Every structure is written in C-alpha cells, then in structure tokens.
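Trainee: Next up, target-v2.tsv (TSV, C-alpha atoms).
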chain	number	residue	atom	x	y	z
A	110	MET	CA	10.61	16.31	-4.62
A	111	ILE	CA	8.21	13.38	-4.56
A	112	GLN	CA	4.63	13.76	-5.69
A	113	TYR	CA	2.46	10.98	-4.32
A	114	LEU	CA	-1.07	9.79	-5.02
A	115	VAL	CA	-3.51	7.40	-3.47
A	116	LEU	CA	-5.13	6.63	-6.80
A	117	SER	CA	-7.72	4.47	-5.05
A	118	SER	CA	-8.05	2.48	-1.84
A	119	GLY	CA	-10.49	-0.17	-0.66
A	120	SER	CA	-12.42	-3.03	-2.18
A	121	VAL	CA	-13.05	-1.11	-5.43
A	122	GLY	CA	-9.31	-1.12	-6.18
A	123	ASN	CA	-5.98	-0.14	-4.69
A	124	SER	CA	-3.15	1.76	-6.34
A	125	TYR	CA	-0.46	4.23	-5.22
A	126	ALA	CA	1.86	6.39	-7.32
A	127	PHE	CA	5.20	8.05	-6.50
A	128	TYR	CA	6.71	10.54	-8.98
A	129	ASP	CA	10.00	12.43	-8.61
A	130	GLY	CA	9.63	14.63	-11.69
A	131	LYS	CA	11.28	12.04	-13.91
A	132	ASP	CA	10.20	8.53	-12.93
A	133	THR	CA	7.03	7.09	-11.40
A	134	ILE	CA	6.73	3.83	-9.53
A	135	ILE	CA	3.37	2.25	-8.80
A	136	ILE	CA	2.50	0.06	-5.85
A	137	ASP	CA	-0.49	-2.12	-6.71
A	138	GLN	CA	-2.71	-1.67	-9.76
A	139	GLY	CA	-6.22	-2.79	-8.96
A	140	LEU	CA	-7.92	-0.28	-11.28
A	141	THR	CA	-8.95	-0.50	-14.91
A	142	TYR	CA	-6.25	0.88	-17.16
A	143	THR	CA	-8.56	3.71	-18.23
A	144	GLY	CA	-9.23	4.71	-14.63
A	145	PHE	CA	-5.54	4.44	-13.76
A	146	GLU	CA	-4.47	6.65	-16.68
A	147	LYS	CA	-7.25	9.17	-16.05
A	148	ARG	CA	-6.26	9.67	-12.41
A	149	LEU	CA	-2.58	10.08	-13.22
A	150	ASN	CA	-3.39	12.63	-15.93
A	151	ALA	CA	-5.71	14.56	-13.60
A	152	HIS	CA	-2.75	15.13	-11.27
A	153	SER	CA	-0.22	15.92	-13.99
A	154	ILE	CA	1.79	12.73	-13.65
A	155	PRO	CA	2.77	11.58	-17.17
A	156	VAL	CA	1.82	7.97	-17.86
A	157	SER	CA	5.06	7.77	-19.84
A	158	SER	CA	6.99	8.32	-16.59
A	159	VAL	CA	5.73	5.04	-15.08
A	160	LYS	CA	8.69	2.67	-14.90
A	161	ALA	CA	7.47	-0.26	-12.79
A	162	ILE	CA	4.62	-1.79	-10.80
A	163	PHE	CA	5.27	-3.40	-7.41
A	164	LEU	CA	2.52	-5.69	-6.14
A	165	THR	CA	1.80	-6.23	-2.45
A	166	HIS	CA	-0.08	-9.43	-3.35
A	167	LEU	CA	-2.28	-10.96	-6.02
A	168	HIS	CA	-5.82	-10.42	-4.77
A	169	PRO	CA	-7.72	-8.75	-7.65
A	170	ASP	CA	-8.41	-5.46	-5.86
A	171	HIS	CA	-4.63	-4.95	-5.82
A	172	SER	CA	-3.59	-6.56	-9.08
A	173	LYS	CA	-6.36	-6.86	-11.67
A	174	GLY	CA	-5.03	-3.93	-13.73
A	175	ALA	CA	-1.35	-4.85	-13.49
A	176	GLY	CA	-1.17	-7.11	-16.54
A	177	VAL	CA	-2.79	-4.72	-19.02
A	178	THR	CA	-0.80	-1.78	-17.62
A	179	ALA	CA	2.47	-3.65	-17.99
A	180	ARG	CA	1.61	-4.56	-21.58
A	181	LYS	CA	0.50	-1.08	-22.61
A	182	LEU	CA	3.49	0.68	-21.03
A	183	ASP	CA	6.06	-2.09	-21.60
A	184	ILE	CA	7.13	-2.07	-17.97
A	185	PRO	CA	8.01	-4.79	-15.45
A	186	ILE	CA	5.90	-6.06	-12.57
A	187	TYR	CA	7.88	-6.73	-9.40
A	188	LEU	CA	6.54	-9.59	-7.30
A	189	SER	CA	8.04	-11.64	-4.49
A	190	ILE	CA	9.46	-14.95	-5.62
A	191	VAL	CA	7.22	-16.73	-3.11
A	192	SER	CA	4.16	-15.08	-4.65
A	193	LEU	CA	5.33	-15.98	-8.14
A	194	THR	CA	5.88	-19.65	-7.38
A	195	ALA	CA	2.80	-20.16	-5.19
A	196	ASN	CA	0.18	-18.43	-7.32
A	197	ASP	CA	0.62	-19.71	-10.87
A	198	SER	CA	-3.09	-20.17	-11.60
A	199	VAL	CA	-3.92	-16.75	-10.15
A	200	ILE	CA	-1.28	-15.09	-12.33
A	201	GLN	CA	-2.76	-16.76	-15.40
A	202	LYS	CA	-6.29	-15.72	-14.44
A	203	LEU	CA	-5.14	-12.10	-14.02
A	204	ARG	CA	-3.55	-12.28	-17.49
A	205	ILE	CA	-0.16	-11.24	-16.17
A	206	SER	CA	2.59	-12.34	-18.52
A	207	LYS	CA	5.33	-14.31	-16.77
A	208	GLU	CA	7.82	-12.49	-18.99
A	209	SER	CA	6.81	-9.17	-17.41
A	210	ILE	CA	7.44	-10.36	-13.84
A	211	VAL	CA	10.70	-9.57	-12.06
A	212	PRO	CA	10.84	-11.73	-8.91
A	213	PHE	CA	12.54	-10.53	-5.76
A	214	THR	CA	13.38	-11.91	-2.35
A	215	HIS	CA	12.09	-10.00	0.66
A	216	LYS	CA	14.67	-7.50	1.96
A	217	ASP	CA	16.17	-7.07	-1.52
A	218	GLU	CA	16.80	-3.43	-2.51
A	219	ILE	CA	15.78	-2.48	-6.04
A	220	ASP	CA	16.97	0.70	-7.77
A	221	ILE	CA	14.65	2.48	-10.20
A	222	GLY	CA	15.98	5.87	-11.20
A	223	ASN	CA	16.60	7.74	-7.94
A	224	PHE	CA	14.25	5.49	-5.98
A	225	ILE	CA	15.37	2.58	-3.81
A	226	ILE	CA	12.58	0.13	-3.06
A	227	LYS	CA	12.83	-2.50	-0.34
A	228	SER	CA	10.27	-5.14	0.52
A	229	GLY	CA	9.30	-7.14	3.58
A	230	ARG	CA	6.94	-10.01	4.31
A	231	THR	CA	3.35	-9.42	5.41
A	232	TYR	CA	0.85	-11.95	6.78
A	233	HIS	CA	-2.15	-12.35	4.49
A	234	ASP	CA	-4.09	-15.22	2.95
A	235	CYS	CA	-2.21	-14.82	-0.31
A	236	PRO	CA	1.26	-16.41	-0.20
A	237	GLY	CA	4.26	-14.12	-0.64
A	238	SER	CA	2.52	-10.87	0.26
A	239	SER	CA	4.73	-7.81	0.82
A	240	PHE	CA	5.07	-4.37	2.33
A	241	TYR	CA	7.41	-1.72	0.88
A	242	THR	CA	9.70	1.12	1.82
A	243	ILE	CA	10.66	3.67	-0.81
A	244	LYS	CA	13.59	6.05	-0.44
A	245	ASN	CA	15.39	8.74	-2.39
A	246	GLN	CA	18.10	11.19	-1.35
A	247	TYR	CA	15.72	13.15	0.85
A	248	TYR	CA	12.72	11.08	1.92
A	249	LYS	CA	11.52	7.74	3.16
A	250	ILE	CA	8.04	6.29	2.50
A	251	PHE	CA	6.47	3.23	4.13
A	252	LEU	CA	3.43	1.37	2.74
A	253	MET	CA	1.79	-1.65	4.32
A	254	THR	CA	-1.67	-3.08	3.71
A	255	ASP	CA	-3.47	-6.43	3.96
A	256	THR	CA	-1.70	-8.02	6.89
A	257	GLY	CA	-3.21	-9.79	9.88
A	258	GLN	CA	-0.28	-8.95	12.13
A	259	ILE	CA	2.62	-6.54	12.25
A	260	PRO	CA	5.73	-8.18	10.77
A	261	TYR	CA	8.89	-8.00	12.84
A	262	ASP	CA	10.81	-6.27	10.01
A	263	ALA	CA	8.13	-3.58	9.70
A	264	HIS	CA	9.06	-2.24	13.14
A	265	ASN	CA	12.53	-1.49	11.80
A	266	ASP	CA	11.63	-0.45	8.27
A	267	ILE	CA	9.02	2.15	9.22
A	268	GLU	CA	11.48	4.08	11.39
A	269	GLY	CA	12.23	7.59	10.16
A	270	SER	CA	9.47	7.57	7.53
A	271	ASP	CA	8.26	10.96	6.33
A	272	LEU	CA	5.19	9.49	4.66
A	273	ILE	CA	3.24	6.43	5.82
A	274	PHE	CA	0.43	4.50	4.17
A	275	LEU	CA	-1.07	1.94	6.54
A	276	GLU	CA	-4.10	-0.31	6.48
A	277	SER	CA	-6.77	0.43	9.10
A	278	ASN	CA	-9.30	-2.08	7.88
A	279	TYR	CA	-11.89	-2.76	10.57
A	280	ASP	CA	-13.32	-1.77	13.92
A	281	LYS	CA	-13.44	-4.81	16.20
A	282	GLU	CA	-16.88	-4.08	17.62
A	283	MET	CA	-18.40	-3.32	14.22
A	284	LEU	CA	-17.00	-6.56	12.83
A	285	LYS	CA	-18.32	-8.59	15.76
A	286	ALA	CA	-21.81	-7.02	15.56
A	287	GLY	CA	-21.98	-6.89	11.77
A	288	PRO	CA	-23.59	-9.10	9.13
A	289	TYR	CA	-20.62	-11.29	8.28
A	290	PRO	CA	-20.73	-14.99	9.24
A	291	LYS	CA	-18.39	-16.15	11.98
A	292	LYS	CA	-16.03	-17.85	9.53
A	293	LEU	CA	-15.51	-14.62	7.57
A	294	GLN	CA	-15.14	-12.60	10.77
A	295	ASP	CA	-12.42	-14.99	11.89
A	296	ARG	CA	-10.67	-14.69	8.52
A	297	ILE	CA	-10.63	-10.88	8.69
A	298	SER	CA	-9.47	-10.67	12.30
A	299	GLY	CA	-7.08	-13.62	12.08
A	300	SER	CA	-3.30	-13.66	11.84
A	301	TYR	CA	-3.48	-13.77	8.03
A	302	GLY	CA	-6.30	-11.26	7.61
A	303	HIS	CA	-6.32	-7.50	8.12
A	304	LEU	CA	-5.25	-4.85	10.63
A	305	SER	CA	-7.85	-3.40	12.97
A	306	ASN	CA	-8.03	0.30	13.80
A	307	ASP	CA	-6.49	-0.16	17.25
A	308	GLU	CA	-3.67	-2.33	15.91
A	309	ALA	CA	-2.84	0.30	13.28
A	310	ALA	CA	-3.00	3.09	15.86
A	311	PHE	CA	-0.70	1.27	18.28
A	312	PHE	CA	1.86	0.59	15.54
A	313	LEU	CA	1.82	4.25	14.49
A	314	LYS	CA	2.08	5.41	18.11
A	315	GLN	CA	5.27	3.39	18.40
A	316	HIS	CA	6.91	4.61	15.21
A	317	ALA	CA	5.41	7.68	13.48
A	318	LYS	CA	7.68	10.67	13.93
A	319	LEU	CA	6.61	14.28	14.42
A	320	ARG	CA	5.60	15.92	11.14
A	321	SER	CA	5.05	12.57	9.47
A	322	LYS	CA	2.17	12.44	7.02
A	323	VAL	CA	0.00	9.37	7.56
A	324	TYR	CA	-2.67	8.01	5.21
A	325	LEU	CA	-4.99	5.35	6.59
A	326	ILE	CA	-5.98	3.04	3.75
A	327	HIS	CA	-8.09	-0.01	2.86
A	328	LEU	CA	-11.03	0.73	5.17
A	329	SER	CA	-13.75	-1.94	5.14
A	330	ASP	CA	-17.09	-0.91	3.68
A	331	ASN	CA	-19.12	-2.84	6.26
A	332	ASN	CA	-16.92	-3.08	9.34
A	333	ASN	CA	-15.44	0.39	9.69
A	334	SER	CA	-16.10	4.09	9.31
A	335	GLU	CA	-13.97	7.17	8.86
A	336	GLU	CA	-15.24	8.42	12.24
A	337	LYS	CA	-14.10	5.23	13.98
A	338	VAL	CA	-10.63	5.48	12.42
A	339	LYS	CA	-10.26	9.16	13.29
A	340	SER	CA	-11.34	8.54	16.87
A	341	GLU	CA	-8.79	5.74	17.31
A	342	MET	CA	-5.98	7.82	15.82
A	343	ASP	CA	-6.87	10.91	17.87
A	344	LYS	CA	-6.55	8.86	21.04
A	345	ALA	CA	-3.20	7.36	20.05
A	346	LEU	CA	-1.25	9.98	18.10
A	347	SER	CA	0.40	13.30	18.78
A	348	SER	CA	-1.07	16.43	17.21
A	349	GLY	CA	2.22	16.85	15.35
A	350	ILE	CA	1.42	13.88	13.10
A	351	PHE	CA	-0.76	14.70	10.10
A	352	VAL	CA	-3.42	12.06	9.48
A	353	THR	CA	-5.67	11.56	6.45
A	354	VAL	CA	-8.33	8.85	6.42
A	355	CYS	CA	-8.88	7.65	2.85
A	356	SER	CA	-12.47	7.10	1.73
A	357	ARG	CA	-13.18	4.09	-0.44
A	358	GLY	CA	-12.28	4.70	-4.09
A	359	GLU	CA	-11.29	8.35	-3.64
A	360	CYS	CA	-8.03	9.95	-4.79
A	361	TYR	CA	-5.65	11.74	-2.40
A	362	GLY	CA	-2.24	13.24	-2.91
A	363	GLY	CA	0.46	15.66	-1.98
A	364	VAL	CA	4.10	16.55	-2.39
A	365	LEU	CA	7.19	15.97	-0.30
A	366	ASP	CA	9.57	18.80	-1.09
A	367	GLU	CA	12.89	19.47	0.65
A	368	LYS	CA	12.43	23.21	0.01
A	369	ASP	CA	9.46	23.14	2.42
A	370	GLU	CA	11.51	21.76	5.29
So, in terms of structure tokens, how does the structure I just supplied come out?

Mentor:
Amino acid sequence: MIQYLVLSSGSVGNSYAFYDGKDTIIIDQGLTYTGFEKRLNAHSIPVSSVKAIFLTHLHPDHSKGAGVTARKLDIPIYLSIVSLTANDSVIQKLRISKESIVPFTHKDEIDIGNFIIKSGRTYHDCPGSSFYTIKNQYYKIFLMTDTGQIPYDAHNDIEGSDLIFLESNYDKEMLKAGPYPKKLQDRISGSYGHLSNDEAAFFLKQHAKLRSKVYLIHLSDNNNSEEKVKSEMDKALSSGIFVTVCSRGECYGGVLDEKDE
C-alpha cells in the first residue's frame, strides 16, 4: 500500500507525500511548516512517519519550508550535488542547514525503508534540478516538474509507472496573448523553463500505461486553465488512463493498494 498526497501545487507552494503505513517521504516542501503538518494530519499521515525530504530544486515555492521541517523533525534533505555546490547563497537564504543535506548524484538509488528513490536531471533555471522515481515491492511512481524540456532519462524512467505527477504549466496561446513581457514569456517557454500542456500530453501519450493514475501539477495562474489542460489530455490520452488536474494550492490524494488489482 502507498498513500499519496498532493499537499499543494502551483506558485503558492509545492509538496508531495508518499506513505506506506510505516514511513513517509516528501518531495518538495514549499509550504509553511504549520500548513504542511495540518495537511498531513487531515489525511491521517503521522508527521512522525516522515523520514526525508527530496527537493526537485531550490526555488522557494518548492523549498521554503524544507529547512524548518528538517529541523523540527530531525530528518535529512536530499539534494543533488550540483544543486548543493551551485546554490550556496540560496541555501543560506532558505535557512537550510548544510548539516541536514545529503547530496546525491543523478541516477543514484537511495533506500528509505521499503522505498527506493532514484533521481534524474531536469532542465530548469536553477542548477542541479531533479525529477524522481519512487518504487516499492509493488508500485512505481514518477514525478517531474519545472523543466523546459523532457530529459532523455525521463523517457526510460517513466516506463511502467502506476502513478505519474507531471507539470503541465502553460498553454502556448494564453502565454503568447497574456500580460507577461516578452522576456518572461521566453523564460517560461524556453529550454530551461516549464512544460506546456501539449508537451506534457505528448510525453504522457508516449509512456502512460493503461490504468495509470496521472496528476497534472504546477499549472500557471495566468497562462493556463484547468479546461485547457483537460482538453489537451482528452485529445492525447486513452480513456483507460485516469487524469486529475490539480488546482492551485489544493490537496489531492489516493491510495495504491495491491489488493485492488
């Protein structure tokens, strides 16, 4: 069994929890500690079960709560070695203790309880950014956000995933016609920016298996809409793939249970 939660997604904060009845691992902690604890408690995941935080990157909406959470729970923060060495001033500003950080190299496999966590490189304007796969005896989970292009390794690592969390950040036409200046538009749509709806849909069309559960995350407030995402996914994906579009700041969750297979 794995209970999973989108604790929050979007510019207000990003955080994802995975609990197997004994241990919980967190990917990103961009919430206040109070908000983080409240959302775990509301879904009956003991805060005491949290064993580690894995950060995709160090932008505040993904990491601003990591330092205080690590201190309160006395747990490590896993961060790519590239991110650690390239972002010293950012780490200090976020009040993340260097002693709490466990650096890893992309493609390393890390064991935490019955979970095996593997990372890969993403392409974002924050050096050392990462995507993750999470496995146990029964299930495989893939999570990728904040990348301007699909990494080569992601095409391999997503294969066979039962549960997928994928950025679907912006609609190309909304971005082009929207209020953002050209420089910011280019940053968002560039190779080190974010994934568009059609890019996310094409990637999922290539790799999502029947009966996969897919959560579309990190939607832009100004350059996207749930309706746009749903329309793109409906065009691309089979009806046998279960899609949830995550509203900004809302909590979503479910359970993977081998007894339901």

Trainee: To one decimal place, how far is atom CA of Lys314 of chain A from atom CA of Ser347 of chain A in Å?

Mentor: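 Spanning atom CA of Lys314 of chain A to atom CA of Ser347 of chain A is a straight-line distance of 8.1 Å.
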
Trainee: Write out as a PyMOL selection string the residues lying within 7 Å of Cys360 of chain A, counting all atoms listed in the file and excluding same-chain residues fewer than 5 positions away.

Mentor: chain A and resi 114-117

Trainee: Within 8 Å of Leu182 of chain A, counting all atoms listed in the file, which residues qualify if same-chain residues fewer than 4 places away don't, as a PyMOL selection string?

Mentor: chain A and resi 157+159+178

Trainee: Which is closest to Ser209 of chain A among A:Asp183, A:Phe224, A:Tyr261, A:Thr165, if we use only C-alpha atoms?

Mentor: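 Once distances to Ser209 of chain A are computed over only C-alpha atoms, the minimum belongs to A:Asp183.
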
Trainee: Using all atoms listed in the file, determine which residues lie at most 9 Å from segment 301-310 of chain A, disregarding the query and same-chain residues fewer than 6 positions distant; provide the list as a ChimeraX atom specification.

Mentor: /A:231-235,254-259,275-281,295,325,333,337-338,341-346

Trainee: Those same residues - C-alpha atoms - I'd like them written as a short mmCIF file (atom, residue, chain, number, x, y, z; two decimals), keeping the file's coordinate frame.

Mentor:
data_model
loop_
_atom_site.label_atom_id
_atom_site.label_comp_id
_atom_site.auth_asym_id
_atom_site.auth_seq_id
_atom_site.Cartn_x
_atom_site.Cartn_y
_atom_site.Cartn_z
CA THR A 231 3.35 -9.42 5.41
CA TYR A 232 0.85 -11.95 6.78
CA HIS A 233 -2.15 -12.35 4.49
CA ASP A 234 -4.09 -15.22 2.95
CA CYS A 235 -2.21 -14.82 -0.31
CA THR A 254 -1.67 -3.08 3.71
CA ASP A 255 -3.47 -6.43 3.96
CA THR A 256 -1.70 -8.02 6.89
CA GLY A 257 -3.21 -9.79 9.88
CA GLN A 258 -0.28 -8.95 12.13
CA ILE A 259 2.62 -6.54 12.25
CA LEU A 275 -1.07 1.94 6.54
CA GLU A 276 -4.10 -0.31 6.48
CA SER A 277 -6.77 0.43 9.10
CA ASN A 278 -9.30 -2.08 7.88
CA TYR A 279 -11.89 -2.76 10.57
CA ASP A 280 -13.32 -1.77 13.92
CA LYS A 281 -13.44 -4.81 16.20
CA ASP A 295 -12.42 -14.99 11.89
CA LEU A 325 -4.99 5.35 6.59
CA ASN A 333 -15.44 0.39 9.69
CA LYS A 337 -14.10 5.23 13.98
CA VAL A 338 -10.63 5.48 12.42
CA GLU A 341 -8.79 5.74 17.31
CA MET A 342 -5.98 7.82 15.82
CA ASP A 343 -6.87 10.91 17.87
CA LYS A 344 -6.55 8.86 21.04
CA ALA A 345 -3.20 7.36 20.05
CA LEU A 346 -1.25 9.98 18.10
#

Trainee: If the box runs along x, y and z of the file and leaves 8 Å on each side of segment 287-290 of chain A, what are its centre and edge lengths in Å, one decimal, as AutoDock Vina command-line options?

Mentor:
--center_x -22.1 --center_y -10.9 --center_z 10.0 --size_x 19.0 --size_y 24.1 --size_z 19.5

Trainee: Here is a test: counting only C-alpha atoms, which residue of A:Ile205, A:Leu149, A:Val211, A:Leu313 is nearest to Met253 of chain A?

Mentor: A:Leu313

Trainee: Reconstruct segment 209-220 of chain A at the level of all heavy atoms, and format the result as a PDB file, in the coordinates of the input.

Mentor:
ATOM      1  N   SER A 209       6.790 -10.535 -17.962  1.00  0.00           N
ATOM      2  CA  SER A 209       6.810  -9.170 -17.410  1.00  0.00           C
ATOM      3  C   SER A 209       7.192  -9.141 -15.942  1.00  0.00           C
ATOM      4  O   SER A 209       7.463  -8.072 -15.389  1.00  0.00           O
ATOM      5  CB  SER A 209       5.439  -8.507 -17.577  1.00  0.00           C
ATOM      6  OG  SER A 209       4.472  -9.095 -16.718  1.00  0.00           O
ATOM      7  N   ILE A 210       7.212 -10.311 -15.291  1.00  0.00           N
ATOM      8  CA  ILE A 210       7.440 -10.360 -13.840  1.00  0.00           C
ATOM      9  C   ILE A 210       8.928 -10.415 -13.526  1.00  0.00           C
ATOM     10  O   ILE A 210       9.672 -11.233 -14.075  1.00  0.00           O
ATOM     11  CB  ILE A 210       6.727 -11.570 -13.220  1.00  0.00           C
ATOM     12  CG1 ILE A 210       5.206 -11.437 -13.376  1.00  0.00           C
ATOM     13  CG2 ILE A 210       7.092 -11.704 -11.744  1.00  0.00           C
ATOM     14  CD1 ILE A 210       4.436 -12.643 -12.901  1.00  0.00           C
ATOM     15  N   VAL A 211       9.345  -9.542 -12.614  1.00  0.00           N
ATOM     16  CA  VAL A 211      10.700  -9.570 -12.060  1.00  0.00           C
ATOM     17  C   VAL A 211      10.570 -10.029 -10.608  1.00  0.00           C
ATOM     18  O   VAL A 211      10.053  -9.290  -9.763  1.00  0.00           O
ATOM     19  CB  VAL A 211      11.384  -8.200 -12.127  1.00  0.00           C
ATOM     20  CG1 VAL A 211      12.788  -8.279 -11.515  1.00  0.00           C
ATOM     21  CG2 VAL A 211      11.441  -7.692 -13.560  1.00  0.00           C
ATOM     22  N   PRO A 212      10.999 -11.253 -10.291  1.00  0.00           N
ATOM     23  CA  PRO A 212      10.840 -11.730  -8.910  1.00  0.00           C
ATOM     24  C   PRO A 212      11.928 -11.172  -7.993  1.00  0.00           C
ATOM     25  O   PRO A 212      13.055 -10.910  -8.420  1.00  0.00           O
ATOM     26  CB  PRO A 212      10.995 -13.251  -9.060  1.00  0.00           C
ATOM     27  CG  PRO A 212      11.846 -13.432 -10.275  1.00  0.00           C
ATOM     28  CD  PRO A 212      11.545 -12.276 -11.191  1.00  0.00           C
ATOM     29  N   PHE A 213      11.567 -10.978  -6.744  1.00  0.00           N
ATOM     30  CA  PHE A 213      12.540 -10.530  -5.760  1.00  0.00           C
ATOM     31  C   PHE A 213      12.381 -11.341  -4.480  1.00  0.00           C
ATOM     32  O   PHE A 213      11.347 -11.969  -4.236  1.00  0.00           O
ATOM     33  CB  PHE A 213      12.390  -9.032  -5.450  1.00  0.00           C
ATOM     34  CG  PHE A 213      11.039  -8.636  -4.896  1.00  0.00           C
ATOM     35  CD1 PHE A 213      10.710  -8.853  -3.561  1.00  0.00           C
ATOM     36  CD2 PHE A 213      10.091  -8.033  -5.714  1.00  0.00           C
ATOM     37  CE1 PHE A 213       9.471  -8.495  -3.061  1.00  0.00           C
ATOM     38  CE2 PHE A 213       8.849  -7.669  -5.223  1.00  0.00           C
ATOM     39  CZ  PHE A 213       8.539  -7.903  -3.887  1.00  0.00           C
ATOM     40  N   THR A 214      13.414 -11.320  -3.676  1.00  0.00           N
ATOM     41  CA  THR A 214      13.380 -11.910  -2.350  1.00  0.00           C
ATOM     42  C   THR A 214      13.160 -10.788  -1.342  1.00  0.00           C
ATOM     43  O   THR A 214      13.728  -9.702  -1.487  1.00  0.00           O
ATOM     44  CB  THR A 214      14.708 -12.633  -2.042  1.00  0.00           C
ATOM     45  OG1 THR A 214      14.896 -13.673  -3.016  1.00  0.00           O
ATOM     46  CG2 THR A 214      14.704 -13.239  -0.651  1.00  0.00           C
ATOM     47  N   HIS A 215      12.324 -11.024  -0.347  1.00  0.00           N
ATOM     48  CA  HIS A 215      12.090 -10.000   0.660  1.00  0.00           C
ATOM     49  C   HIS A 215      13.414  -9.524   1.264  1.00  0.00           C
ATOM     50  O   HIS A 215      14.324 -10.304   1.498  1.00  0.00           O
ATOM     51  CB  HIS A 215      11.169 -10.520   1.764  1.00  0.00           C
ATOM     52  CG  HIS A 215       9.743 -10.635   1.313  1.00  0.00           C
ATOM     53  ND1 HIS A 215       8.907 -11.652   1.713  1.00  0.00           N
ATOM     54  CD2 HIS A 215       8.992  -9.848   0.487  1.00  0.00           C
ATOM     55  CE1 HIS A 215       7.722 -11.489   1.160  1.00  0.00           C
ATOM     56  NE2 HIS A 215       7.749 -10.418   0.401  1.00  0.00           N
ATOM     57  N   LYS A 216      13.500  -8.246   1.475  1.00  0.00           N
ATOM     58  CA  LYS A 216      14.670  -7.500   1.960  1.00  0.00           C
ATOM     59  C   LYS A 216      15.615  -7.081   0.847  1.00  0.00           C
ATOM     60  O   LYS A 216      16.544  -6.309   1.080  1.00  0.00           O
ATOM     61  CB  LYS A 216      15.441  -8.251   3.057  1.00  0.00           C
ATOM     62  CG  LYS A 216      14.624  -8.579   4.298  1.00  0.00           C
ATOM     63  CD  LYS A 216      15.504  -9.207   5.373  1.00  0.00           C
ATOM     64  CE  LYS A 216      14.674  -9.572   6.590  1.00  0.00           C
ATOM     65  NZ  LYS A 216      15.511 -10.150   7.671  1.00  0.00           N
ATOM     66  N   ASP A 217      15.393  -7.578  -0.386  1.00  0.00           N
ATOM     67  CA  ASP A 217      16.170  -7.070  -1.520  1.00  0.00           C
ATOM     68  C   ASP A 217      15.945  -5.561  -1.665  1.00  0.00           C
ATOM     69  O   ASP A 217      14.854  -5.058  -1.377  1.00  0.00           O
ATOM     70  CB  ASP A 217      15.741  -7.739  -2.827  1.00  0.00           C
ATOM     71  CG  ASP A 217      16.269  -9.147  -2.978  1.00  0.00           C
ATOM     72  OD1 ASP A 217      17.059  -9.579  -2.127  1.00  0.00           O
ATOM     73  OD2 ASP A 217      15.869  -9.808  -3.958  1.00  0.00           O
ATOM     74  N   GLU A 218      16.953  -4.844  -2.154  1.00  0.00           N
ATOM     75  CA  GLU A 218      16.800  -3.430  -2.510  1.00  0.00           C
ATOM     76  C   GLU A 218      16.877  -3.304  -4.022  1.00  0.00           C
ATOM     77  O   GLU A 218      17.799  -3.837  -4.653  1.00  0.00           O
ATOM     78  CB  GLU A 218      17.862  -2.579  -1.828  1.00  0.00           C
ATOM     79  CG  GLU A 218      17.676  -2.492  -0.319  1.00  0.00           C
ATOM     80  CD  GLU A 218      18.560  -1.435   0.324  1.00  0.00           C
ATOM     81  OE1 GLU A 218      19.527  -0.966  -0.343  1.00  0.00           O
ATOM     82  OE2 GLU A 218      18.294  -1.062   1.487  1.00  0.00           O
ATOM     83  N   ILE A 219      15.902  -2.608  -4.589  1.00  0.00           N
ATOM     84  CA  ILE A 219      15.780  -2.480  -6.040  1.00  0.00           C
ATOM     85  C   ILE A 219      15.882  -1.014  -6.408  1.00  0.00           C
ATOM     86  O   ILE A 219      15.157  -0.175  -5.851  1.00  0.00           O
ATOM     87  CB  ILE A 219      14.435  -3.065  -6.515  1.00  0.00           C
ATOM     88  CG1 ILE A 219      14.362  -4.565  -6.174  1.00  0.00           C
ATOM     89  CG2 ILE A 219      14.233  -2.831  -8.007  1.00  0.00           C
ATOM     90  CD1 ILE A 219      12.967  -5.132  -6.185  1.00  0.00           C
ATOM     91  N   ASP A 220      16.781  -0.680  -7.313  1.00  0.00           N
ATOM     92  CA  ASP A 220      16.970   0.700  -7.770  1.00  0.00           C
ATOM     93  C   ASP A 220      16.156   0.946  -9.032  1.00  0.00           C
ATOM     94  O   ASP A 220      16.275   0.203 -10.016  1.00  0.00           O
ATOM     95  CB  ASP A 220      18.442   0.977  -8.081  1.00  0.00           C
ATOM     96  CG  ASP A 220      19.321   0.925  -6.841  1.00  0.00           C
ATOM     97  OD1 ASP A 220      18.789   1.005  -5.731  1.00  0.00           O
ATOM     98  OD2 ASP A 220      20.544   0.805  -6.999  1.00  0.00           O
TER      99      ASP A 220
END
